[in-house]
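Asks: One file: protein09.txt (compact mmCIF, C-alpha atoms).
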# COMPACT_ATOMS: atom_id res chain seq x y z
CA MET D 1 32.24 -45.25 -72.85
CA ARG D 2 30.06 -48.29 -71.92
CA ARG D 3 31.27 -48.04 -68.25
CA ARG D 4 30.22 -44.38 -68.19
CA ARG D 5 26.76 -45.30 -69.58
CA ARG D 6 26.42 -48.04 -66.95
CA ARG D 7 27.29 -45.56 -64.24
CA GLY D 8 24.80 -43.02 -65.67
CA GLY D 9 22.05 -45.66 -65.74
CA LEU D 10 22.81 -46.61 -62.15
CA ALA D 11 22.64 -42.95 -61.06
CA LEU D 12 19.27 -42.52 -62.84
CA LEU D 13 17.92 -45.69 -61.18
CA LEU D 14 19.03 -44.49 -57.72
CA ALA D 15 17.51 -41.02 -58.35
CA ALA D 16 14.20 -42.61 -59.44
CA LEU D 17 14.14 -44.83 -56.35
CA PHE D 18 14.80 -41.78 -54.14
CA VAL D 19 11.95 -39.77 -55.74
CA PHE D 20 9.56 -42.77 -55.46
CA GLY D 21 10.48 -43.27 -51.79
CA THR D 22 9.97 -39.57 -51.01
CA VAL D 23 6.53 -39.50 -52.70
CA MET D 24 5.39 -42.60 -50.79
CA ALA D 25 6.62 -41.15 -47.48
CA LEU D 26 4.79 -37.87 -48.12
CA ARG D 27 1.63 -39.77 -49.07
CA THR D 28 1.83 -41.77 -45.83
CA LEU D 29 2.26 -38.54 -43.81
CA ARG D 30 -0.63 -36.88 -45.62
CA ALA D 31 -2.88 -39.86 -45.01
CA ALA D 32 -2.14 -39.52 -41.31
CA ASP D 33 -3.00 -35.79 -41.43
CA GLY D 34 -6.17 -35.89 -43.49
CA PRO D 35 -8.52 -37.97 -45.62
CA PRO D 36 -7.07 -40.83 -47.67
CA ALA D 37 -5.72 -39.89 -51.10
CA ALA D 38 -8.04 -40.72 -53.99
CA ALA D 39 -7.14 -43.54 -56.35
CA PRO D 40 -6.09 -42.29 -59.83
CA GLY D 41 -9.10 -41.40 -61.94
CA LEU D 42 -11.57 -41.31 -58.97
CA ALA D 43 -13.05 -38.16 -57.43
CA ALA D 44 -11.60 -37.32 -54.02
CA PRO D 45 -13.94 -38.37 -51.19
CA PRO D 46 -15.66 -35.51 -49.37
CA PRO D 47 -13.87 -34.43 -46.19
CA PRO D 48 -15.43 -35.89 -43.06
CA ALA D 49 -18.11 -33.72 -41.44
CA PRO D 50 -16.63 -31.73 -38.56
CA ALA D 51 -17.72 -32.85 -35.12
CA PRO D 52 -20.65 -30.73 -33.88
CA ARG D 53 -19.16 -27.77 -31.99
CA ARG D 54 -20.57 -26.81 -28.65
CA ALA D 55 -21.03 -23.08 -28.26
CA SER D 56 -17.90 -22.12 -26.39
CA PRO D 57 -18.83 -20.67 -23.00
CA PRO D 58 -18.00 -17.00 -22.48
CA PRO D 59 -14.87 -16.28 -20.46
CA PRO D 60 -15.69 -16.48 -16.75
CA ALA D 61 -17.14 -13.10 -15.85
CA ARG D 62 -16.88 -11.72 -12.36
CA GLY D 63 -20.12 -11.83 -10.43
CA PRO D 64 -22.26 -8.71 -10.34
CA ALA D 65 -21.07 -5.99 -7.94
CA TYR D 66 -24.04 -5.16 -5.71
CA ASP D 67 -22.29 -1.97 -4.58
CA LEU D 68 -22.46 -0.67 -8.17
CA HIS D 69 -25.90 0.79 -9.02
CA ALA D 70 -26.93 2.05 -12.48
CA PHE D 71 -29.90 4.34 -13.15
CA TYR D 72 -32.20 2.68 -15.69
CA TYR D 73 -35.08 4.04 -17.80
CA ALA D 74 -37.96 1.89 -19.09
CA TRP D 75 -39.81 4.73 -20.80
CA TYR D 76 -38.96 3.99 -24.45
CA GLY D 77 -41.51 2.81 -27.02
CA SER D 78 -41.58 1.73 -30.67
CA PRO D 79 -44.37 1.23 -33.24
CA ARG D 80 -44.13 -2.57 -32.95
CA PHE D 81 -44.94 -2.61 -29.23
CA GLU D 82 -46.64 0.72 -28.44
CA GLY D 83 -48.04 1.61 -31.86
CA ARG D 84 -45.75 4.67 -31.98
CA TYR D 85 -42.34 5.90 -30.88
CA VAL D 86 -42.29 6.95 -27.23
CA HIS D 87 -39.54 9.20 -25.82
CA TRP D 88 -37.34 8.78 -28.93
CA ASP D 89 -39.57 11.50 -30.43
CA HIS D 90 -38.91 13.80 -27.43
CA ALA D 91 -40.00 17.41 -27.95
CA THR D 92 -37.40 20.16 -27.58
CA VAL D 93 -37.73 21.80 -24.17
CA PRO D 94 -38.17 25.61 -24.39
CA HIS D 95 -35.81 27.87 -22.41
CA TRP D 96 -37.51 29.60 -19.46
CA ASP D 97 -36.66 33.01 -20.97
CA PRO D 98 -38.96 33.51 -24.01
CA LYS D 99 -36.36 35.77 -25.69
CA VAL D 100 -33.72 33.02 -25.52
CA SER D 101 -36.25 30.36 -26.45
CA ALA D 102 -37.24 32.22 -29.62
CA SER D 103 -33.79 31.70 -31.17
CA TYR D 104 -33.87 27.87 -30.91
CA PRO D 105 -35.76 25.25 -32.94
CA LYS D 106 -39.03 23.84 -31.63
CA GLY D 107 -40.98 20.65 -32.28
CA ARG D 108 -40.50 16.91 -31.89
CA HIS D 109 -37.89 14.52 -33.18
CA ARG D 110 -38.91 12.09 -35.92
CA PRO D 111 -37.59 8.56 -35.36
CA PRO D 112 -36.14 6.25 -36.48
CA ASP D 113 -33.50 8.45 -38.18
CA ASP D 114 -34.00 11.55 -36.04
CA ILE D 115 -34.16 10.74 -32.32
CA GLY D 116 -34.03 12.83 -29.13
CA SER D 117 -30.40 11.96 -28.43
CA SER D 118 -26.92 13.00 -29.59
CA PHE D 119 -25.92 9.30 -29.73
CA TYR D 120 -27.60 6.39 -31.52
CA PRO D 121 -28.34 3.09 -29.73
CA ALA D 122 -26.90 -0.16 -31.13
CA LEU D 123 -30.41 -1.64 -30.73
CA GLY D 124 -31.98 1.23 -32.69
CA PRO D 125 -34.91 3.22 -31.16
CA TYR D 126 -36.22 0.27 -29.14
CA SER D 127 -39.20 -0.47 -26.93
CA SER D 128 -38.65 -1.09 -23.22
CA ARG D 129 -41.45 -3.68 -23.52
CA ASP D 130 -39.51 -5.82 -26.00
CA PRO D 131 -38.40 -9.01 -24.15
CA ALA D 132 -35.35 -9.28 -26.44
CA VAL D 133 -34.32 -5.72 -25.49
CA LEU D 134 -34.74 -6.43 -21.76
CA ASP D 135 -32.63 -9.56 -22.12
CA GLU D 136 -29.92 -7.71 -24.04
CA HIS D 137 -29.88 -4.93 -21.44
CA MET D 138 -29.43 -7.41 -18.59
CA GLY D 139 -26.61 -9.04 -20.54
CA GLN D 140 -24.92 -5.66 -20.96
CA LEU D 141 -25.35 -4.79 -17.27
CA ARG D 142 -23.91 -8.18 -16.30
CA ALA D 143 -20.97 -7.73 -18.71
CA ALA D 144 -20.28 -4.41 -16.94
CA ALA D 145 -20.39 -6.20 -13.53
CA ILE D 146 -23.24 -3.90 -12.42
CA GLY D 147 -25.24 -5.64 -9.70
CA VAL D 148 -28.16 -3.25 -9.17
CA LEU D 149 -30.44 -1.68 -11.77
CA VAL D 150 -32.12 1.42 -10.29
CA LEU D 151 -35.45 1.67 -12.09
CA SER D 152 -36.98 5.08 -12.72
CA TRP D 153 -40.50 4.59 -11.34
CA TYR D 154 -43.87 6.35 -11.42
CA PRO D 155 -47.00 5.10 -9.62
CA PRO D 156 -49.55 3.12 -11.70
CA GLY D 157 -51.28 5.30 -14.28
CA LEU D 158 -48.67 8.08 -14.06
CA ALA D 159 -45.72 8.96 -16.31
CA ASP D 160 -43.40 11.81 -17.19
CA ASP D 161 -44.50 14.46 -19.72
CA ASN D 162 -43.10 12.53 -22.71
CA GLY D 163 -43.87 8.98 -21.66
CA GLU D 164 -46.62 6.48 -20.90
CA PRO D 165 -47.36 4.65 -17.63
CA SER D 166 -44.86 1.80 -17.21
CA ASP D 167 -45.49 0.18 -13.80
CA SER D 168 -46.95 -2.83 -15.66
CA LEU D 169 -43.43 -3.47 -16.98
CA VAL D 170 -41.89 -4.00 -13.53
CA PRO D 171 -42.59 -7.78 -13.27
CA PHE D 172 -40.87 -8.35 -16.64
CA ILE D 173 -37.87 -6.26 -15.60
CA LEU D 174 -37.60 -8.20 -12.32
CA ASP D 175 -37.80 -11.55 -14.14
CA ALA D 176 -35.21 -10.54 -16.76
CA ALA D 177 -32.87 -9.18 -14.07
CA HIS D 178 -33.18 -12.37 -12.02
CA ARG D 179 -31.97 -14.49 -14.96
CA TYR D 180 -28.68 -12.54 -14.81
CA ALA D 181 -28.41 -12.39 -10.99
CA ILE D 182 -29.05 -8.64 -11.12
CA LYS D 183 -31.14 -6.89 -8.44
CA VAL D 184 -33.67 -4.08 -8.95
CA ALA D 185 -34.03 -0.98 -6.75
CA PHE D 186 -36.56 1.83 -7.28
CA HIS D 187 -35.90 5.47 -8.18
CA ILE D 188 -39.11 7.27 -7.21
CA GLN D 189 -39.69 10.15 -9.61
CA PRO D 190 -41.51 13.41 -8.84
CA TYR D 191 -45.14 13.47 -10.00
CA LYS D 192 -48.00 15.90 -9.50
CA GLY D 193 -49.04 15.91 -5.85
CA ARG D 194 -46.11 13.85 -4.57
CA ASP D 195 -45.61 14.34 -0.83
CA ASP D 196 -44.86 12.31 2.31
CA HIS D 197 -48.39 10.81 2.29
CA THR D 198 -48.34 9.65 -1.34
CA VAL D 199 -44.77 8.31 -1.00
CA HIS D 200 -45.98 6.34 2.05
CA GLU D 201 -48.55 4.70 -0.26
CA ASN D 202 -45.93 4.20 -3.00
CA ILE D 203 -43.55 2.37 -0.65
CA LYS D 204 -46.34 0.08 0.62
CA TYR D 205 -47.45 -0.63 -2.96
CA ILE D 206 -43.93 -1.45 -4.21
CA MET D 207 -43.07 -3.64 -1.24
CA ASP D 208 -46.42 -5.47 -1.20
CA LYS D 209 -46.37 -6.09 -4.95
CA TYR D 210 -42.69 -6.68 -5.70
CA GLY D 211 -40.92 -7.10 -2.35
CA SER D 212 -41.03 -10.91 -2.38
CA HIS D 213 -39.43 -11.22 -5.85
CA ALA D 214 -35.96 -12.79 -5.79
CA ALA D 215 -34.57 -9.84 -7.82
CA PHE D 216 -35.91 -7.16 -5.44
CA TYR D 217 -32.82 -5.41 -4.02
CA LYS D 218 -32.20 -5.41 -0.28
CA TYR D 219 -29.32 -3.62 1.35
CA LYS D 220 -27.59 -5.20 4.33
CA THR D 221 -27.28 -2.57 7.07
CA SER D 222 -24.47 -2.34 9.60
CA THR D 223 -26.82 -3.89 12.18
CA GLY D 224 -27.35 -6.93 9.94
CA ARG D 225 -30.87 -6.06 8.75
CA SER D 226 -31.75 -6.55 5.07
CA LEU D 227 -33.85 -3.58 3.93
CA PRO D 228 -35.09 -2.32 0.56
CA LEU D 229 -33.29 0.81 -0.69
CA PHE D 230 -35.17 3.67 -2.38
CA TYR D 231 -33.70 6.65 -4.22
CA ILE D 232 -36.03 9.69 -4.08
CA TYR D 233 -35.40 11.98 -7.05
CA ASP D 234 -35.85 15.75 -6.53
CA SER D 235 -36.54 15.07 -2.84
CA TYR D 236 -35.86 18.78 -2.09
CA LEU D 237 -39.24 19.67 -3.68
CA THR D 238 -40.94 18.48 -0.47
CA PRO D 239 -40.07 20.33 2.80
CA ALA D 240 -37.89 18.49 5.33
CA GLU D 241 -40.66 18.76 7.98
CA SER D 242 -43.03 16.79 5.71
CA TRP D 243 -40.46 14.06 5.05
CA ALA D 244 -39.82 13.85 8.82
CA ASN D 245 -43.45 12.67 9.30
CA LEU D 246 -42.53 9.62 7.22
CA LEU D 247 -38.84 9.06 7.93
CA THR D 248 -38.22 9.85 11.61
CA PRO D 249 -39.22 7.31 14.32
CA SER D 250 -41.59 9.81 15.95
CA GLY D 251 -43.20 10.94 12.66
CA SER D 252 -47.02 11.01 12.44
CA HIS D 253 -47.06 8.23 9.80
CA SER D 254 -43.53 6.93 10.21
CA LEU D 255 -42.30 3.90 8.28
CA ARG D 256 -39.52 3.35 10.83
CA ASN D 257 -39.62 0.05 12.72
CA THR D 258 -42.59 -1.12 10.63
CA ALA D 259 -42.81 -3.81 7.95
CA TYR D 260 -42.25 -1.02 5.40
CA ASP D 261 -39.02 0.36 6.85
CA ALA D 262 -36.28 0.84 4.25
CA VAL D 263 -33.11 2.76 3.42
CA PHE D 264 -34.11 6.13 1.90
CA ILE D 265 -31.63 8.11 -0.19
CA ALA D 266 -32.29 11.80 -0.99
CA LEU D 267 -30.96 13.85 -3.89
CA LEU D 268 -28.30 16.38 -2.91
CA VAL D 269 -28.23 19.36 -5.29
CA GLU D 270 -27.34 22.49 -3.25
CA GLU D 271 -25.02 22.60 -0.25
CA GLY D 272 -27.84 23.66 2.10
CA HIS D 273 -29.75 20.46 1.24
CA LYS D 274 -27.33 18.48 3.45
CA HIS D 275 -28.95 19.77 6.65
CA ASP D 276 -32.48 19.37 5.26
CA ILE D 277 -31.74 15.75 4.34
CA LEU D 278 -30.46 15.11 7.86
CA SER D 279 -33.45 16.69 9.63
CA ALA D 280 -35.88 14.96 7.22
CA GLY D 281 -34.77 11.57 8.54
CA TYR D 282 -33.18 10.27 5.34
CA ASP D 283 -30.50 7.56 5.54
CA GLY D 284 -28.19 9.05 2.94
CA MET D 285 -27.73 11.16 -0.17
CA TYR D 286 -26.79 10.74 -3.84
CA THR D 287 -25.78 13.32 -6.44
CA TYR D 288 -27.27 11.95 -9.73
CA PHE D 289 -26.06 14.55 -12.25
CA ALA D 290 -23.25 13.44 -14.56
CA SER D 291 -22.15 17.01 -15.31
CA ASN D 292 -19.19 17.86 -13.05
CA GLY D 293 -19.67 21.44 -11.80
CA PHE D 294 -23.37 21.60 -12.70
CA SER D 295 -24.48 21.55 -9.04
CA PHE D 296 -22.81 21.55 -5.63
CA GLY D 297 -23.58 17.85 -5.26
CA SER D 298 -22.36 16.83 -8.72
CA SER D 299 -19.01 18.67 -8.38
CA HIS D 300 -16.27 16.13 -7.68
CA GLN D 301 -14.28 18.66 -5.65
CA ASN D 302 -17.07 18.76 -3.01
CA TRP D 303 -17.35 15.02 -2.49
CA LYS D 304 -14.76 14.83 0.28
CA ALA D 305 -16.62 17.47 2.35
CA ILE D 306 -19.98 15.77 1.68
CA LYS D 307 -18.57 12.39 2.75
CA THR D 308 -17.14 13.93 5.95
CA PHE D 309 -20.58 15.44 6.75
CA CYS D 310 -22.27 12.09 6.09
CA ASP D 311 -19.77 10.14 8.19
CA SER D 312 -20.21 12.48 11.17
CA ASN D 313 -24.03 12.19 10.95
CA ASN D 314 -24.29 8.45 10.29
CA LEU D 315 -25.52 8.98 6.71
CA MET D 316 -24.54 7.08 3.58
CA PHE D 317 -22.95 9.03 0.71
CA ILE D 318 -23.54 7.57 -2.75
CA PRO D 319 -21.65 9.63 -5.37
CA SER D 320 -23.02 9.43 -8.92
CA VAL D 321 -20.56 9.11 -11.80
CA GLY D 322 -21.22 9.40 -15.52
CA PRO D 323 -19.36 9.00 -18.83
CA GLY D 324 -20.23 12.51 -20.06
CA TYR D 325 -23.22 14.79 -20.58
CA ILE D 326 -24.92 16.26 -23.64
CA ASP D 327 -28.63 17.10 -23.76
CA THR D 328 -28.67 19.60 -26.66
CA SER D 329 -30.90 17.32 -28.76
CA ILE D 330 -33.75 18.14 -26.32
CA ARG D 331 -32.40 21.35 -24.68
CA PRO D 332 -30.60 23.07 -27.57
CA TRP D 333 -29.80 26.09 -25.36
CA ASN D 334 -27.94 24.06 -22.71
CA ASN D 335 -24.57 23.74 -24.44
CA HIS D 336 -22.65 25.13 -21.42
CA ASN D 337 -23.44 21.98 -19.41
CA THR D 338 -22.09 19.59 -22.06
CA ARG D 339 -19.22 17.43 -20.80
CA ASN D 340 -17.18 15.76 -23.52
CA ARG D 341 -16.43 12.06 -22.99
CA VAL D 342 -12.77 12.46 -24.07
CA ASN D 343 -12.65 8.78 -25.13
CA GLY D 344 -13.54 7.54 -21.63
CA LYS D 345 -11.22 9.84 -19.68
CA TYR D 346 -14.11 11.90 -18.26
CA TYR D 347 -15.72 8.70 -16.90
CA GLU D 348 -12.47 7.45 -15.39
CA THR D 349 -11.85 10.82 -13.72
CA ALA D 350 -15.32 10.65 -12.13
CA LEU D 351 -14.80 7.05 -11.00
CA GLN D 352 -11.43 7.93 -9.51
CA ALA D 353 -12.98 10.92 -7.67
CA ALA D 354 -15.71 8.64 -6.27
CA LEU D 355 -13.26 6.02 -5.03
CA MET D 356 -11.13 8.70 -3.36
CA VAL D 357 -13.90 9.25 -0.76
CA ARG D 358 -14.22 5.53 0.01
CA PRO D 359 -17.98 5.17 -0.61
CA GLU D 360 -19.90 2.05 0.26
CA ILE D 361 -21.93 2.28 -2.98
CA VAL D 362 -21.23 4.06 -6.29
CA SER D 363 -24.13 4.96 -8.61
CA ILE D 364 -23.81 5.35 -12.38
CA THR D 365 -25.73 7.98 -14.34
CA SER D 366 -26.78 6.18 -16.40
CA PHE D 367 -27.32 2.90 -18.18
CA ASN D 368 -29.70 4.36 -20.76
CA GLU D 369 -30.70 8.01 -20.30
CA TRP D 370 -30.14 8.72 -24.01
CA HIS D 371 -31.66 12.25 -23.99
CA GLU D 372 -28.91 13.56 -21.69
CA GLY D 373 -26.13 11.55 -23.33
CA THR D 374 -25.15 9.87 -20.06
CA GLN D 375 -25.68 6.29 -21.29
CA ILE D 376 -23.11 3.50 -21.03
CA GLU D 377 -25.36 1.24 -23.15
CA LYS D 378 -23.91 0.22 -26.54
CA ALA D 379 -24.03 3.00 -29.16
CA VAL D 380 -23.12 2.90 -32.87
CA PRO D 381 -21.97 5.47 -35.45
CA LYS D 382 -24.88 6.86 -37.48
CA LYS D 383 -25.18 9.50 -40.18
CA THR D 384 -28.35 10.60 -42.01
CA LEU D 385 -29.07 13.44 -44.44
CA THR D 386 -29.86 15.77 -41.53
CA ARG D 387 -28.01 14.27 -38.53
CA LEU D 388 -24.51 13.16 -37.62
CA TYR D 389 -24.63 11.31 -34.30
CA LEU D 390 -21.79 11.13 -31.81
CA ASP D 391 -20.29 7.68 -31.17
CA TYR D 392 -17.66 5.81 -29.16
CA LEU D 393 -15.08 5.54 -31.99
CA PRO D 394 -12.21 4.68 -32.15
CA HIS D 395 -13.49 2.23 -29.50
CA GLN D 396 -16.11 -0.52 -29.77
CA PRO D 397 -19.83 -0.03 -28.94
CA ASN D 398 -19.29 -1.82 -25.60
CA MET D 399 -16.48 0.52 -24.55
CA TYR D 400 -18.23 1.97 -21.48
CA LEU D 401 -19.47 -1.43 -20.31
CA GLU D 402 -15.88 -2.68 -20.43
CA LEU D 403 -14.58 0.40 -18.60
CA THR D 404 -17.23 -0.10 -15.91
CA ARG D 405 -16.26 -3.75 -15.48
CA ARG D 406 -12.59 -2.82 -15.06
CA TRP D 407 -13.46 -0.18 -12.46
CA ALA D 408 -15.79 -2.60 -10.65
CA GLU D 409 -12.78 -4.88 -10.14
CA HIS D 410 -10.68 -1.91 -9.03
CA PHE D 411 -13.43 -0.80 -6.59
CA SER D 412 -13.59 -4.32 -5.12
CA LYS D 413 -9.80 -4.45 -4.58
CA GLU D 414 -9.75 -0.94 -3.09
CA LYS D 415 -12.50 -1.91 -0.63
CA GLU D 416 -10.42 -4.87 0.56
CA GLN D 417 -7.54 -2.46 1.21
CA TRP D 418 -9.78 -0.04 3.15
CA LEU D 419 -10.99 -2.87 5.37
CA MET D 420 -7.40 -3.90 6.10
What would the structure in this file look like if it were written as structure tokens?
Replies:
Amino acid sequence: MRRRRRRGGLALLLAALFVFGTVMALRTLRAADGPPAAAPGLAAPPPPAPAPRRASPPPPARGPAYDLHAFYYAWYGSPRFEGRYVHWDHATVPHWDPKVSASYPKGRHRPPDDIGSSFYPALGPYSSRDPAVLDEHMGQLRAAAIGVLVLSWYPPGLADDNGEPSDSLVPFILDAAHRYAIKVAFHIQPYKGRDDHTVHENIKYIMDKYGSHAAFYKYKTSTGRSLPLFYIYDSYLTPAESWANLLTPSGSHSLRNTAYDAVFIALLVEEGHKHDILSAGYDGMYTYFASNGFSFGSSHQNWKAIKTFCDSNNLMFIPSVGPGYIDTSIRPWNNHNTRNRVNGKYYETALQAALMVRPEIVSITSFNEWHEGTQIEKAVPKKTLTRLYLDYLPHQPNMYLELTRRWAEHFSKEKEQWLM
């Protein structure tokens, strides 16, 4: 009986020693992992302050693609900067047939909850004068690998029917773009009295005032010259003979072989415009509209024939691609031209169609034309008592920027193949 007790005591002693040894070992390990254990009865010392973290740099982004141009609008205003909303309050445009027009609502939108768009911007109804907005836009363009912002431009003192003069904004746009290594080209809009003479003055004004800025876009021609590039919207409104005075070497006030020579790109809408553009002395053509089938020029199926025509006449063809189209917030009668985004598939189809014709430059309609629903800028879901806005769900607000970046890489790789 005593021997059994002795054995039991020995077993208990060994067990106690084992437990004590295990506890000490764990304590030693824990001390190596973290702060020292507190002495019994004392409060545990505060954990050491973490080392100050440097903001982790973003993943290395590819450089901007200067053969990817996005149409950009600086016509938006907000009460903080303009004293009122500009463009977000866009009036509904009446149908040209009064009978049709009578059956649709009239009046202006009432921001901030009711804006002239079917989508709602992540930045809210912003001002194009807001430096923070400009900076955010350049960041988004850079994230999408877009190298050239094509600025919708009116001469000083002029604007579209819903906007205010914005030429004074150009220096700020150039400066903001330069910080992100983005270049700025000009998209000359139609205005009352625009013709070859006034455009001659516009080109001189733009080049004299902005041409020396580091962000001013210059296109390298096949002959090695670096020339500004101008898109002329609704160029067909002026007869080809008038443009020829400005754009052919023998024109009466030709810009060719002068300090104001440039690359001039006309808008192709109807098939017949091809020959007018050629005889006018333009250097190329673009299609602008993001609604496939809306015009001859914007129909993907015609791009191969247009590119063949351009190649045989030494013209540049710049197809315009877009993520979709919906302008019923300002043209409620224009439902038949709506093009659903189909979660990005519409955009990818357009991009694929553009790359099929091996263009030198692809233009995107648009970065931020919110009225026509062609924007790739970030948009967010929004619902009010009277409006349910469209959005990019189930994807993130940056979905179309990301898609553009992926296609920019694809475009770059394809171009290498074409050269080989």
Asks: At a cut-off of 10 Å from (-18.4, 16.7, -21.9) in the coordinates of the file, what residues are picked up using all atoms listed in the file, written as a short mmCIF file (atom, residue, chain, number, x, y, z; two decimals) with C-alpha atoms, keeping the file's coordinate frame?
Replies:
data_model
loop_
_atom_site.label_atom_id
_atom_site.label_comp_id
_atom_site.auth_asym_id
_atom_site.auth_seq_id
_atom_site.Cartn_x
_atom_site.Cartn_y
_atom_site.Cartn_z
CA ALA D 290 -23.25 13.44 -14.56
CA SER D 291 -22.15 17.01 -15.31
CA ASN D 292 -19.19 17.86 -13.05
CA PRO D 323 -19.36 9.00 -18.83
CA GLY D 324 -20.23 12.51 -20.06
CA TYR D 325 -23.22 14.79 -20.58
CA ILE D 326 -24.92 16.26 -23.64
CA ASN D 335 -24.57 23.74 -24.44
CA HIS D 336 -22.65 25.13 -21.42
CA ASN D 337 -23.44 21.98 -19.41
CA THR D 338 -22.09 19.59 -22.06
CA ARG D 339 -19.22 17.43 -20.80
CA ASN D 340 -17.18 15.76 -23.52
CA ARG D 341 -16.43 12.06 -22.99
CA VAL D 342 -12.77 12.46 -24.07
CA TYR D 346 -14.11 11.90 -18.26
CA TYR D 347 -15.72 8.70 -16.90
CA GLY D 373 -26.13 11.55 -23.33
CA THR D 374 -25.15 9.87 -20.06
#
Asks: Can you list every residue of range 106-197 of chain D that has an atom at most 8 Å from range 241-256 of chain D, with its nearest atom pair and the distance in Å to one decimal, using all atoms listed in the file, ordered by chain then number, as a Markdown table?
Replies:
| residue | atom | partner | partner_atom | distance |
| --- | --- | --- | --- | --- |
| D:Asp195 | CA | D:Ser242 | CA | 7.4 |
| D:Asp196 | CA | D:Trp243 | CA | 5.5 |
| D:His197 | CA | D:Leu246 | CA | 7.7 |
Asks: One decimal, Å: what's the distance from CA of Gly116 in chain D over to CA of Trp75 in chain D, could you say?
Replies: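 Going from CA of Gly116 in chain D over to CA of Trp75 in chain D covers 13.0 Å.
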Asks: Here is a test: counting all atoms listed in the file, which residue of D:Leu151, D:Val93, D:Leu237, D:Val357 is nearest to His109 in chain D?
Replies: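 Result for the nearest residue to His109 in chain D: D:Val93.
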Asks: Of the candidates D:Leu278, D:Tyr104, D:Val86, D:Asp114, which one gets nearest to Thr386 in chain D if we count only C-alpha atoms?
Replies: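 Smallest separation from Thr386 in chain D among the options: D:Asp114.
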Asks: Excluding Tyr76 in chain D and residues on its chain fewer than 6 positions from it, collect all residues at most 8 Å away from it, counting all atoms listed in the file, and give them as a list of chain:residue names.
Replies: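 The residues satisfying every condition are D:Tyr85, D:Val86, D:His87, D:Trp88, D:Pro125, D:Tyr126, D:Ser127, D:Ser128, D:Gly163.
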Asks: Quick one: distance from CA of Ser101 in chain D to CA of Trp333 in chain D in Å, one decimal?
Replies: 7.8 Å
